[in-house]
$ cat data_13.cif   # mmCIF, C-alpha atoms
data_query
loop_
_atom_site.label_atom_id
_atom_site.label_comp_id
_atom_site.auth_asym_id
_atom_site.auth_seq_id
_atom_site.Cartn_x
_atom_site.Cartn_y
_atom_site.Cartn_z
CA MET A 986 58.53 -109.65 223.04
CA LEU A 987 54.82 -110.16 223.62
CA PRO A 988 53.33 -113.64 223.22
CA ALA A 989 51.22 -114.50 220.18
CA HIS A 990 47.45 -114.89 220.72
CA HIS A 991 47.73 -112.23 223.39
CA SER A 992 45.39 -112.36 226.42
CA GLN A 993 45.15 -111.10 229.99
CA ALA A 994 46.76 -114.35 231.12
CA ASP A 995 49.71 -113.56 228.86
CA ASP A 996 49.97 -110.12 230.45
CA ASP A 997 50.05 -111.68 233.90
CA ALA A 998 52.82 -114.06 232.86
CA TYR A 999 54.97 -111.13 231.74
CA LEU A 1000 54.59 -108.95 234.84
CA ASP A 1001 58.01 -107.53 235.86
CA TYR A 1002 59.65 -109.77 233.24
CA LEU A 1003 62.61 -108.04 231.57
CA GLN A 1004 62.75 -108.25 227.77
CA SER A 1005 65.29 -106.86 225.32
CA PRO A 1006 63.79 -104.24 222.99
CA LEU A 1007 63.32 -105.31 219.37
CA GLN A 1008 65.79 -104.22 216.71
CA PRO A 1009 63.73 -104.56 213.51
CA LEU A 1010 66.21 -102.58 211.41
CA ALA A 1011 69.06 -104.98 212.19
CA ASP A 1012 67.03 -108.18 212.65
CA ASN A 1013 64.32 -109.74 210.53
CA LEU A 1014 61.30 -110.46 212.71
CA GLU A 1015 60.00 -114.01 213.01
CA GLY A 1016 56.51 -115.04 212.01
CA SER A 1017 55.37 -115.38 215.63
CA MET A 1018 56.30 -111.76 216.27
CA TYR A 1019 54.32 -110.57 213.26
CA GLU A 1020 51.40 -112.66 214.50
CA THR A 1021 51.60 -110.91 217.85
CA PHE A 1022 51.59 -107.44 216.28
CA GLU A 1023 48.67 -108.34 214.05
CA SER A 1024 46.59 -109.56 216.99
CA ASP A 1025 46.14 -106.03 218.37
CA PRO A 1026 42.96 -104.77 216.65
CA VAL A 1027 42.94 -101.43 218.45
CA LYS A 1028 46.22 -100.26 216.95
CA TYR A 1029 45.16 -100.99 213.39
CA ALA A 1030 41.70 -99.53 213.95
CA ARG A 1031 43.40 -96.28 214.95
CA TYR A 1032 45.58 -96.37 211.85
CA GLN A 1033 42.57 -97.08 209.67
CA GLU A 1034 40.67 -94.16 211.17
CA ALA A 1035 43.64 -91.84 210.65
CA VAL A 1036 43.97 -92.88 207.00
CA ARG A 1037 40.21 -92.61 206.53
CA LEU A 1038 40.25 -89.05 207.88
CA TYR A 1039 43.15 -88.13 205.61
CA LEU A 1040 41.46 -89.63 202.53
CA SER A 1041 38.20 -87.86 203.33
CA ARG A 1042 40.07 -84.56 203.04
CA LYS A 1043 42.16 -85.51 199.99
CA ILE A 1044 40.01 -84.80 196.95
CA VAL A 1045 42.05 -86.09 194.02
CA GLU A 1046 41.55 -88.67 191.31
CA ARG A 1047 44.19 -91.08 192.65
CA VAL A 1048 45.99 -91.25 195.99
CA VAL A 1049 49.44 -92.86 196.19
CA ILE A 1050 50.18 -94.47 199.55
CA MET A 1051 53.52 -95.94 200.60
CA VAL A 1052 53.50 -98.36 203.54
CA LEU A 1053 57.10 -98.42 204.74
CA GLY A 1054 57.90 -101.52 206.76
CA ALA A 1055 54.76 -103.30 205.60
CA GLY A 1056 55.46 -106.55 207.47
CA ARG A 1057 52.83 -109.11 206.48
CA GLY A 1058 50.34 -106.45 205.50
CA PRO A 1059 48.09 -105.26 208.36
CA LEU A 1060 48.72 -101.59 207.56
CA VAL A 1061 48.08 -102.25 203.87
CA ALA A 1062 44.76 -103.86 204.79
CA ALA A 1063 43.91 -100.88 207.03
CA CYS A 1064 44.65 -98.45 204.18
CA LEU A 1065 42.48 -100.43 201.73
CA ALA A 1066 39.63 -100.54 204.26
CA ALA A 1067 39.90 -96.76 204.71
CA ALA A 1068 39.79 -96.34 200.92
CA GLU A 1069 36.60 -98.41 200.77
CA GLN A 1070 35.05 -96.30 203.52
CA THR A 1071 35.80 -93.06 201.65
CA GLN A 1072 35.34 -94.43 198.12
CA ARG A 1073 38.80 -93.19 197.16
CA ASN A 1074 40.96 -94.63 194.39
CA VAL A 1075 44.27 -95.59 196.02
CA TYR A 1076 47.44 -97.31 194.84
CA ILE A 1077 49.69 -98.72 197.54
CA TYR A 1078 53.39 -99.51 197.52
CA ALA A 1079 54.05 -102.08 200.27
CA VAL A 1080 57.79 -101.77 201.04
CA GLU A 1081 59.40 -104.47 203.19
CA LYS A 1082 62.99 -105.75 203.53
CA ASN A 1083 62.23 -109.07 205.27
CA ALA A 1084 62.12 -111.77 202.59
CA SER A 1085 59.81 -114.08 204.57
CA ALA A 1086 57.28 -111.29 205.13
CA VAL A 1087 57.47 -110.37 201.44
CA ILE A 1088 56.30 -113.90 200.53
CA THR A 1089 53.14 -113.34 202.58
CA LEU A 1090 52.66 -109.90 201.06
CA ARG A 1091 52.88 -111.29 197.54
CA ASN A 1092 50.40 -114.03 198.33
CA ARG A 1093 47.95 -111.43 199.64
CA ARG A 1094 48.60 -109.17 196.65
CA ASP A 1095 47.30 -111.86 194.31
CA ARG A 1096 43.91 -111.93 195.99
CA GLU A 1097 41.08 -109.43 196.25
CA PRO A 1098 40.79 -106.69 197.41
CA TRP A 1099 44.57 -106.22 196.96
CA LYS A 1100 44.71 -107.26 193.31
CA GLN A 1101 45.66 -104.42 190.95
CA ARG A 1102 45.86 -101.99 193.89
CA VAL A 1103 49.03 -103.04 195.70
CA LYS A 1104 52.63 -103.32 194.49
CA VAL A 1105 54.94 -105.28 196.79
CA VAL A 1106 58.52 -103.96 196.91
CA GLN A 1107 61.32 -105.87 198.64
CA ALA A 1108 63.70 -103.07 199.56
CA ASP A 1109 65.28 -101.04 202.34
CA MET A 1110 62.99 -98.04 202.75
CA ARG A 1111 66.00 -95.78 203.33
CA SER A 1112 67.46 -96.35 199.87
CA TRP A 1113 64.42 -97.29 197.77
CA LYS A 1114 63.82 -95.06 194.74
CA PRO A 1115 60.12 -95.13 193.84
CA PRO A 1116 58.71 -94.47 190.36
CA GLU A 1117 56.44 -91.73 191.70
CA LYS A 1118 55.92 -89.53 194.75
CA ALA A 1119 53.60 -90.44 197.62
CA ASP A 1120 50.64 -88.47 198.88
CA LEU A 1121 50.78 -90.44 202.11
CA ILE A 1122 53.44 -92.49 203.90
CA VAL A 1123 52.25 -94.90 206.60
CA SER A 1124 54.56 -96.76 208.97
CA GLU A 1125 54.54 -98.52 212.35
CA LEU A 1126 58.14 -98.22 213.49
CA LEU A 1127 57.37 -97.16 217.06
CA GLY A 1128 59.03 -98.75 220.06
CA SER A 1129 58.19 -98.51 223.75
CA PHE A 1130 60.23 -95.30 223.99
CA GLY A 1131 58.97 -93.98 220.67
CA ASP A 1132 62.25 -93.73 218.76
CA ASN A 1133 64.02 -96.79 220.19
CA GLU A 1134 63.24 -98.90 217.10
CA LEU A 1135 64.96 -96.21 214.99
CA SER A 1136 61.94 -94.62 213.34
CA PRO A 1137 63.85 -91.32 212.83
CA GLU A 1138 66.67 -93.12 210.99
CA CYS A 1139 64.32 -95.34 208.99
CA LEU A 1140 62.17 -92.39 207.90
CA SER A 1141 65.11 -90.03 207.40
CA SER A 1142 64.50 -89.84 203.64
CA ALA A 1143 60.71 -89.78 203.80
CA HIS A 1144 60.54 -86.17 202.63
CA LYS A 1145 62.22 -87.23 199.38
CA LEU A 1146 59.48 -89.79 198.76
CA LEU A 1147 56.60 -87.40 199.37
CA ALA A 1148 54.75 -85.11 197.00
CA ARG A 1149 54.93 -81.44 197.89
CA ASP A 1150 51.78 -81.62 200.02
CA GLY A 1151 52.35 -85.20 201.19
CA ILE A 1152 52.26 -86.26 204.84
CA CYS A 1153 53.34 -89.12 207.09
CA ILE A 1154 51.26 -91.18 209.50
CA PRO A 1155 52.34 -90.98 212.28
CA GLN A 1156 53.15 -87.30 212.06
CA ASN A 1157 55.23 -87.22 215.23
CA SER A 1158 56.14 -89.15 218.35
CA THR A 1159 57.24 -88.05 221.81
CA SER A 1160 58.98 -90.11 224.47
CA PHE A 1161 58.20 -89.56 228.15
CA ILE A 1162 60.15 -90.60 231.22
CA ALA A 1163 59.66 -90.69 234.99
CA PRO A 1164 61.65 -91.83 238.05
CA ILE A 1165 60.53 -95.13 239.54
CA CYS A 1166 60.86 -96.99 242.81
CA SER A 1167 60.89 -100.73 242.08
CA GLN A 1168 63.01 -103.11 244.09
CA ALA A 1169 61.56 -105.95 242.01
CA LEU A 1170 62.85 -104.60 238.70
CA HIS A 1171 66.24 -103.68 240.15
CA SER A 1172 66.59 -107.16 241.66
CA ASN A 1173 65.63 -108.74 238.34
CA VAL A 1174 68.40 -106.82 236.61
CA ALA A 1175 70.91 -107.80 239.31
CA ALA A 1176 69.90 -111.45 238.89
CA LEU A 1177 71.13 -111.35 235.28
CA GLY A 1178 74.71 -111.35 236.55
CA PRO A 1179 77.48 -109.14 237.98
CA SER A 1180 78.29 -107.33 234.73
CA ARG A 1181 77.84 -103.58 234.68
CA ALA A 1182 76.31 -103.97 231.23
CA HIS A 1183 73.04 -105.28 232.66
CA PHE A 1184 72.46 -101.94 234.43
CA GLU A 1185 73.33 -100.00 231.28
CA THR A 1186 70.67 -101.70 229.16
CA PRO A 1187 67.01 -100.66 228.83
CA TYR A 1188 64.33 -103.34 229.17
CA VAL A 1189 60.79 -103.61 227.88
CA VAL A 1190 58.62 -104.63 230.82
CA LYS A 1191 55.04 -104.66 232.05
CA ILE A 1192 55.53 -103.28 235.54
CA GLN A 1193 53.56 -104.69 238.45
CA HIS A 1194 55.72 -103.96 241.49
CA GLY A 1195 56.75 -100.34 241.15
CA VAL A 1196 55.73 -96.81 242.09
CA ARG A 1197 56.39 -93.74 240.02
CA ILE A 1198 58.08 -91.13 242.19
CA SER A 1199 56.89 -88.24 240.02
CA GLY A 1200 54.80 -87.81 236.89
CA PRO A 1201 56.27 -88.46 233.42
CA GLN A 1202 57.76 -85.58 231.44
CA PRO A 1203 58.41 -85.30 227.69
CA CYS A 1204 61.92 -86.29 226.71
CA PHE A 1205 62.55 -86.54 222.94
CA LYS A 1206 60.24 -85.53 220.10
CA PHE A 1207 60.57 -86.46 216.43
CA ALA A 1208 58.45 -85.16 213.56
CA HIS A 1209 57.84 -87.04 210.33
CA PRO A 1210 58.86 -86.26 207.71
CA ASN A 1211 62.14 -84.74 208.79
CA ASP A 1212 62.63 -81.89 206.32
CA ARG A 1213 66.15 -81.07 207.43
CA GLU A 1214 69.09 -82.07 205.28
CA SER A 1215 70.94 -83.21 208.40
CA HIS A 1216 70.36 -86.83 209.38
CA ASP A 1217 71.70 -86.24 212.88
CA PHE A 1218 68.99 -87.41 215.25
CA SER A 1219 70.97 -86.84 218.43
CA ARG A 1220 69.02 -85.38 221.32
CA TYR A 1221 69.62 -84.19 224.87
CA ALA A 1222 67.10 -83.71 227.68
CA GLN A 1223 67.56 -82.29 231.16
CA LEU A 1224 64.57 -82.86 233.41
CA SER A 1225 63.81 -82.15 237.06
CA PHE A 1226 61.36 -84.28 239.06
CA ASP A 1227 59.93 -83.20 242.42
CA VAL A 1228 60.03 -85.79 245.21
CA GLU A 1229 56.86 -85.62 247.32
CA GLU A 1230 57.59 -88.58 249.63
CA ASP A 1231 60.67 -90.50 250.77
CA TYR A 1232 61.57 -93.12 248.16
CA MET A 1233 64.36 -95.31 246.86
CA LEU A 1234 65.16 -94.50 243.26
CA HIS A 1235 65.80 -97.64 241.16
CA GLY A 1236 65.78 -96.12 237.70
CA PHE A 1237 63.44 -94.53 235.20
CA VAL A 1238 60.41 -95.74 233.27
CA GLY A 1239 59.70 -94.62 229.71
CA TYR A 1240 56.62 -94.36 227.49
CA PHE A 1241 55.61 -92.80 224.20
CA ASP A 1242 52.76 -90.88 222.64
CA ALA A 1243 52.39 -90.71 218.84
CA MET A 1244 50.12 -88.42 216.85
CA LEU A 1245 48.86 -90.31 213.82
CA TYR A 1246 46.73 -87.65 212.12
CA GLY A 1247 43.96 -85.19 212.87
CA GLY A 1248 43.90 -85.73 216.64
CA ILE A 1249 44.01 -89.53 216.39
CA ASP A 1250 46.86 -90.82 218.52
CA LEU A 1251 48.48 -93.91 220.01
CA SER A 1252 49.70 -93.67 223.59
CA ILE A 1253 51.10 -95.91 226.32
CA LEU A 1254 51.26 -93.08 228.84
CA PRO A 1255 49.27 -94.43 231.82
CA GLU A 1256 47.35 -91.16 232.09
CA MET A 1257 46.10 -91.38 228.49
CA HIS A 1258 46.73 -94.97 227.43
CA THR A 1259 44.90 -95.96 224.26
CA PRO A 1260 42.11 -98.19 225.63
CA LYS A 1261 42.59 -101.94 225.17
CA MET A 1262 45.78 -101.54 223.11
CA PHE A 1263 48.47 -104.04 224.13
CA SER A 1264 51.19 -103.84 221.47
CA TRP A 1265 53.68 -102.08 223.76
CA TYR A 1266 54.81 -102.31 227.36
CA SER A 1267 56.81 -99.56 229.07
CA ILE A 1268 60.62 -99.40 229.00
CA TYR A 1269 62.87 -99.44 232.10
CA PHE A 1270 66.22 -97.65 232.34
CA PRO A 1271 67.95 -98.96 235.50
CA ILE A 1272 70.60 -97.27 237.57
CA MET A 1273 73.47 -99.26 239.03
CA ARG A 1274 72.91 -98.37 242.68
CA PRO A 1275 69.59 -97.25 244.20
CA LEU A 1276 69.47 -93.71 245.60
CA LEU A 1277 67.64 -92.68 248.75
CA LEU A 1278 65.41 -89.69 248.03
CA LYS A 1279 63.93 -87.42 250.67
CA LYS A 1280 60.65 -85.56 250.50
CA GLY A 1281 61.15 -82.07 249.08
CA GLU A 1282 64.21 -82.94 247.03
CA ALA A 1283 64.38 -82.83 243.25
CA VAL A 1284 65.83 -85.46 240.94
CA ASP A 1285 67.85 -83.83 238.17
CA PHE A 1286 67.96 -86.30 235.31
CA HIS A 1287 69.95 -86.11 232.06
CA MET A 1288 69.52 -88.26 228.99
CA TRP A 1289 71.28 -88.29 225.64
CA ARG A 1290 70.38 -89.98 222.37
CA ARG A 1291 73.67 -90.43 220.54
CA SER A 1292 74.71 -92.11 217.32
CA SER A 1293 77.63 -93.30 215.22
CA ALA A 1294 77.79 -94.75 211.73
CA LYS A 1295 76.94 -98.18 213.13
CA LYS A 1296 74.55 -97.69 216.04
CA VAL A 1297 72.31 -95.44 218.12
CA TRP A 1298 72.31 -95.51 221.91
CA TYR A 1299 71.07 -93.75 225.04
CA GLU A 1300 73.14 -92.45 227.93
CA TRP A 1301 71.58 -91.37 231.24
CA THR A 1302 72.56 -90.06 234.65
CA VAL A 1303 71.38 -88.23 237.77
CA THR A 1304 73.20 -85.11 239.00
CA SER A 1305 71.03 -84.23 241.99
CA PRO A 1306 70.40 -84.80 244.84
CA THR A 1307 73.26 -87.33 244.57
CA PRO A 1308 75.39 -87.46 241.43
CA ILE A 1309 75.92 -90.86 239.81
CA ALA A 1310 78.06 -92.04 236.90
CA ILE A 1311 76.77 -91.67 233.35
CA HIS A 1312 75.32 -95.00 232.26
CA ASN A 1313 76.13 -96.62 228.90
CA VAL A 1314 78.86 -94.16 227.90
CA ASN A 1315 79.55 -94.39 224.15
CA GLY A 1316 77.05 -97.22 223.93
CA ARG A 1317 79.55 -99.55 225.60
CA SER A 1318 76.83 -101.86 226.92
CA TYR A 1319 73.82 -101.39 224.67
CA GLY A 1320 73.07 -99.91 221.28
CA MET A 1321 70.56 -100.15 218.45
CA ASP A 1322 72.33 -101.39 215.36
CA VAL A 1323 72.10 -99.33 212.18
CA LEU A 1324 72.84 -101.47 209.14
CA PRO A 1325 74.29 -99.93 206.00
CA MET A 1326 71.62 -99.02 203.45
CA SER A 1327 71.12 -101.82 200.95
#
$ encode --input "data_13.cif" --output "structure tokens"
Amino acid sequence: MLPAHHSQADDDAYLDYLQSPLQPLADNLEGSMYETFESDPVKYARYQEAVRLYLSRKIVERVVIMVLGAGRGPLVAACLAAAEQTQRNVYIYAVEKNASAVITLRNRRDREPWKQRVKVVQADMRSWKPPEKADLIVSELLGSFGDNELSPECLSSAHKLLARDGICIPQNSTSFIAPICSQALHSNVAALGPSRAHFETPYVVKIQHGVRISGPQPCFKFAHPNDRESHDFSRYAQLSFDVEEDYMLHGFVGYFDAMLYGGIDLSILPEMHTPKMFSWYSIYFPIMRPLLLKKGEAVDFHMWRRSSAKKVWYEWTVTSPTPIAIHNVNGRSYGMDVLPMS
């Protein structure tokens, strides 16, 4: 959780501080969290530019936009601003399940420039049946590892909401992962208590004391909309990382890159981080016992994204140079709750 009224001082206060990832599908976010999200102008400027580019290419009399997970309305405002820039006639469905956020949406709807152009819908996006098809779906369901706030599950029915030539923004997201040496992070996990569960839980963290052992590699990729009938979003990745110096391995650090539209992206990969964007920190997957790595070895890493009717979880392990136990088997320590569709 990032602090509201975000600043560099806030960043400094959160260095190496372990935070539990959000679960917006299972939990309704508090007002302070919405305020934090809304305080990142770079993210919404990117969204606005992506929508503007789409609208500039969409030559029709009326464009139907669905904002799924509208929160208190920053994406709706970005879409309306893009419509003004392109002089396009748009009608927006702002779909949100959180009752407190819906109150704010309805208050904004009754004022210009929203009036007559926005319909607020309190509903679960997964089961909502709209009166018409969308030309464009816009959402911001990304977590620090891309899919860890359940964007694939939330948008699983997006293709049923779209017109034949409709698209989603973002169009896809890719998670990346890399091995990390960080005694500080490992010690912070150990300080949480003796339970194995603490080392089988991922943490959102702004890392200060840590060195990546090798560069990040793509892990899981999800495209939106998902046009497959199957709603199985399980994934498996096997990656090999070269070790160029002697290190202690304390776990793995994750990032994401998301393509919004037309080459406009959002990224927290250090090599291509979206400048001045602060909505996301990286995510840390610990291992129970540090491993000594020697120069010239390779770390063979395996990760699974698994699911049941009630939750989604990750499992991870190392098989070389020294095998370790699979972490978080069957989601025994950590999972992302999937509520029944309402």
$ residues_near_point --input "data_13.cif" --point "(70.4, -100.8, 205.4)" --cutoff "12 Å" --atoms "only C-alpha atoms" --output "mmCIF file with C-alpha atoms, in the coordinates of the input"
data_model
loop_
_atom_site.group_PDB
_atom_site.id
_atom_site.type_symbol
_atom_site.label_atom_id
_atom_site.label_comp_id
_atom_site.auth_asym_id
_atom_site.auth_seq_id
_atom_site.Cartn_x
_atom_site.Cartn_y
_atom_site.Cartn_z
ATOM 1 C CA PRO A 1009 63.730 -104.560 213.510
ATOM 2 C CA LEU A 1010 66.210 -102.580 211.410
ATOM 3 C CA ALA A 1011 69.060 -104.980 212.190
ATOM 4 C CA ASP A 1012 67.030 -108.180 212.650
ATOM 5 C CA ASN A 1013 64.320 -109.740 210.530
ATOM 6 C CA GLU A 1081 59.400 -104.470 203.190
ATOM 7 C CA LYS A 1082 62.990 -105.750 203.530
ATOM 8 C CA ASN A 1083 62.230 -109.070 205.270
ATOM 9 C CA ALA A 1108 63.700 -103.070 199.560
ATOM 10 C CA ASP A 1109 65.280 -101.040 202.340
ATOM 11 C CA MET A 1110 62.990 -98.040 202.750
ATOM 12 C CA ARG A 1111 66.000 -95.780 203.330
ATOM 13 C CA SER A 1112 67.460 -96.350 199.870
ATOM 14 C CA TRP A 1113 64.420 -97.290 197.770
ATOM 15 C CA LEU A 1135 64.960 -96.210 214.990
ATOM 16 C CA GLU A 1138 66.670 -93.120 210.990
ATOM 17 C CA CYS A 1139 64.320 -95.340 208.990
ATOM 18 C CA ALA A 1294 77.790 -94.750 211.730
ATOM 19 C CA LYS A 1295 76.940 -98.180 213.130
ATOM 20 C CA LYS A 1296 74.550 -97.690 216.040
ATOM 21 C CA ASP A 1322 72.330 -101.390 215.360
ATOM 22 C CA VAL A 1323 72.100 -99.330 212.180
ATOM 23 C CA LEU A 1324 72.840 -101.470 209.140
ATOM 24 C CA PRO A 1325 74.290 -99.930 206.000
ATOM 25 C CA MET A 1326 71.620 -99.020 203.450
ATOM 26 C CA SER A 1327 71.120 -101.820 200.950
#
$ atom_distance --input "data_13.cif" --atom1 "CA of Tyr1002 (chain A)" --atom2 "CA of Gln1193 (chain A)"
9.5 Å
$ resolve_selection --input "data_13.cif" --expression "the PyMOL selection byres ((chain A and resi 1156-1165) around 8)" --output "MDAnalysis selection string"
chainID A and resid 1130:1132 1152:1155 1166:1167 1195:1210 1226 1234:1246 1254
$ atom_distance --input "data_13.cif" --atom1 "CA of Tyr1039 (chain A)" --atom2 "CA of Pro1260 (chain A)"
22.4 Å
$ residues_around --input "data_13.cif" --residues "Val1052 (chain A)" --least-positions-apart "2" --cutoff "8 Å" --atoms "all atoms listed in the file" --output "ChimeraX atom specification"
/A:1050,1054-1055,1060-1061,1077-1080,1122-1124
$ residues_around --input "data_13.cif" --residues "Leu1090 (chain A)" --least-positions-apart "6" --cutoff "7 Å" --atoms "only C-alpha atoms" --output "list of chain:residue names"
A:Arg1057, A:Gly1058, A:Val1105
$ resolve_selection --input "data_13.cif" --expression "the PyMOL selection byres ((chain A and resi 1292) around 10)" --output "PyMOL selection string"
chain A and resi 1217-1220+1289-1291+1293-1299+1315-1316+1320-1323
$ resolve_selection --input "data_13.cif" --expression "the PyMOL selection byres ((chain A and resi 1303-1313) around 6)" --output "list in words"
Glu1185, Val1284, Asp1285, Phe1286, Glu1300, Trp1301, Thr1302, Val1314, Gly1316, Arg1317 and Ser1318 of chain A
$ atom_distance --input "data_13.cif" --atom1 "CA of Trp1099 (chain A)" --atom2 "CA of Asp1150 (chain A)"
25.8 Å
$ closest_residue --input "data_13.cif" --among "A:Ser1225, A:Gln1072, A:Ser1136, A:Ser1129" --to "Tyr1266 (chain A)" --atoms "all atoms listed in the file"
A:Ser1129
$ closest_residue --input "data_13.cif" --among "A:Glu1046, A:Glu1034, A:Glu1125, A:Glu1097" --to "Gln1070 (chain A)" --atoms "all atoms listed in the file"
A:Glu1034
$ closest_residue --input "data_13.cif" --among "A:Gln1168, A:Ser1142, A:Thr1071, A:Ser1264" --to "Ala1035 (chain A)" --atoms "all atoms listed in the file"
A:Thr1071
$ decode --input "data_13.cif" --residues "region 1101-1168 of chain A" --atoms "C-alpha atoms" --output "mmCIF file, in the first residue's frame"
data_model
loop_
_atom_site.group_PDB
_atom_site.id
_atom_site.type_symbol
_atom_site.label_atom_id
_atom_site.label_comp_id
_atom_site.auth_asym_id
_atom_site.auth_seq_id
_atom_site.Cartn_x
_atom_site.Cartn_y
_atom_site.Cartn_z
ATOM 1 C CA GLN A 1101 -25.462 13.033 -20.118
ATOM 2 C CA ARG A 1102 -22.259 11.237 -21.158
ATOM 3 C CA VAL A 1103 -21.656 8.783 -18.312
ATOM 4 C CA LYS A 1104 -23.851 6.018 -16.884
ATOM 5 C CA VAL A 1105 -22.737 4.688 -13.506
ATOM 6 C CA VAL A 1106 -23.346 0.949 -13.012
ATOM 7 C CA GLN A 1107 -22.893 -0.747 -9.639
ATOM 8 C CA ALA A 1108 -22.110 -4.308 -10.663
ATOM 9 C CA ASP A 1109 -19.524 -7.072 -10.817
ATOM 10 C CA MET A 1110 -17.889 -6.661 -14.216
ATOM 11 C CA ARG A 1111 -17.719 -10.441 -14.621
ATOM 12 C CA SER A 1112 -21.488 -10.916 -14.593
ATOM 13 C CA TRP A 1113 -22.805 -7.539 -15.788
ATOM 14 C CA LYS A 1114 -25.026 -7.702 -18.882
ATOM 15 C CA PRO A 1115 -24.855 -4.369 -20.724
ATOM 16 C CA PRO A 1116 -27.592 -2.988 -22.981
ATOM 17 C CA GLU A 1117 -25.139 -2.603 -25.870
ATOM 18 C CA LYS A 1118 -21.685 -3.692 -26.989
ATOM 19 C CA ALA A 1119 -18.534 -1.668 -26.334
ATOM 20 C CA ASP A 1120 -16.123 -0.297 -28.892
ATOM 21 C CA LEU A 1121 -13.532 0.096 -26.155
ATOM 22 C CA ILE A 1122 -13.015 -1.412 -22.700
ATOM 23 C CA VAL A 1123 -10.647 0.410 -20.345
ATOM 24 C CA SER A 1124 -9.447 -0.983 -17.017
ATOM 25 C CA GLU A 1125 -6.635 -0.575 -14.490
ATOM 26 C CA LEU A 1126 -6.496 -3.972 -12.810
ATOM 27 C CA LEU A 1127 -2.721 -4.354 -12.915
ATOM 28 C CA GLY A 1128 -0.689 -5.422 -9.905
ATOM 29 C CA SER A 1129 3.056 -5.345 -9.318
ATOM 30 C CA PHE A 1130 3.370 -8.726 -11.055
ATOM 31 C CA GLY A 1131 0.883 -7.824 -13.761
ATOM 32 C CA ASP A 1132 -1.771 -10.485 -13.143
ATOM 33 C CA ASN A 1133 -1.557 -10.677 -9.336
ATOM 34 C CA GLU A 1134 -4.674 -8.518 -8.871
ATOM 35 C CA LEU A 1135 -6.572 -11.024 -11.044
ATOM 36 C CA SER A 1136 -6.958 -8.991 -14.224
ATOM 37 C CA PRO A 1137 -7.290 -12.193 -16.331
ATOM 38 C CA GLU A 1138 -10.166 -13.439 -14.164
ATOM 39 C CA CYS A 1139 -11.846 -10.036 -13.947
ATOM 40 C CA LEU A 1140 -11.665 -9.515 -17.712
ATOM 41 C CA SER A 1141 -12.468 -13.128 -18.575
ATOM 42 C CA SER A 1142 -15.784 -12.156 -20.187
ATOM 43 C CA ALA A 1143 -14.575 -8.970 -21.841
ATOM 44 C CA HIS A 1144 -14.876 -10.450 -25.326
ATOM 45 C CA LYS A 1145 -18.610 -10.898 -24.721
ATOM 46 C CA LEU A 1146 -18.963 -7.183 -23.959
ATOM 47 C CA LEU A 1147 -17.092 -5.994 -27.033
ATOM 48 C CA ALA A 1148 -18.335 -5.208 -30.517
ATOM 49 C CA ARG A 1149 -16.796 -7.318 -33.259
ATOM 50 C CA ASP A 1150 -13.960 -4.843 -33.813
ATOM 51 C CA GLY A 1151 -13.759 -3.713 -30.177
ATOM 52 C CA ILE A 1152 -10.526 -3.640 -28.174
ATOM 53 C CA CYS A 1153 -9.300 -3.462 -24.586
ATOM 54 C CA ILE A 1154 -6.889 -1.005 -23.000
ATOM 55 C CA PRO A 1155 -4.536 -2.431 -21.822
ATOM 56 C CA GLN A 1156 -4.210 -4.923 -24.642
ATOM 57 C CA ASN A 1157 -1.802 -7.203 -22.799
ATOM 58 C CA SER A 1158 0.477 -7.469 -19.797
ATOM 59 C CA THR A 1159 3.653 -9.458 -19.157
ATOM 60 C CA SER A 1160 5.241 -10.305 -15.829
ATOM 61 C CA PHE A 1161 9.025 -10.438 -15.472
ATOM 62 C CA ILE A 1162 11.144 -12.034 -12.782
ATOM 63 C CA ALA A 1163 14.804 -12.115 -11.733
ATOM 64 C CA PRO A 1164 16.883 -13.696 -8.944
ATOM 65 C CA ILE A 1165 17.912 -11.305 -6.184
ATOM 66 C CA CYS A 1166 20.515 -11.138 -3.447
ATOM 67 C CA SER A 1167 19.045 -9.196 -0.515
ATOM 68 C CA GLN A 1168 19.855 -10.120 3.053
#
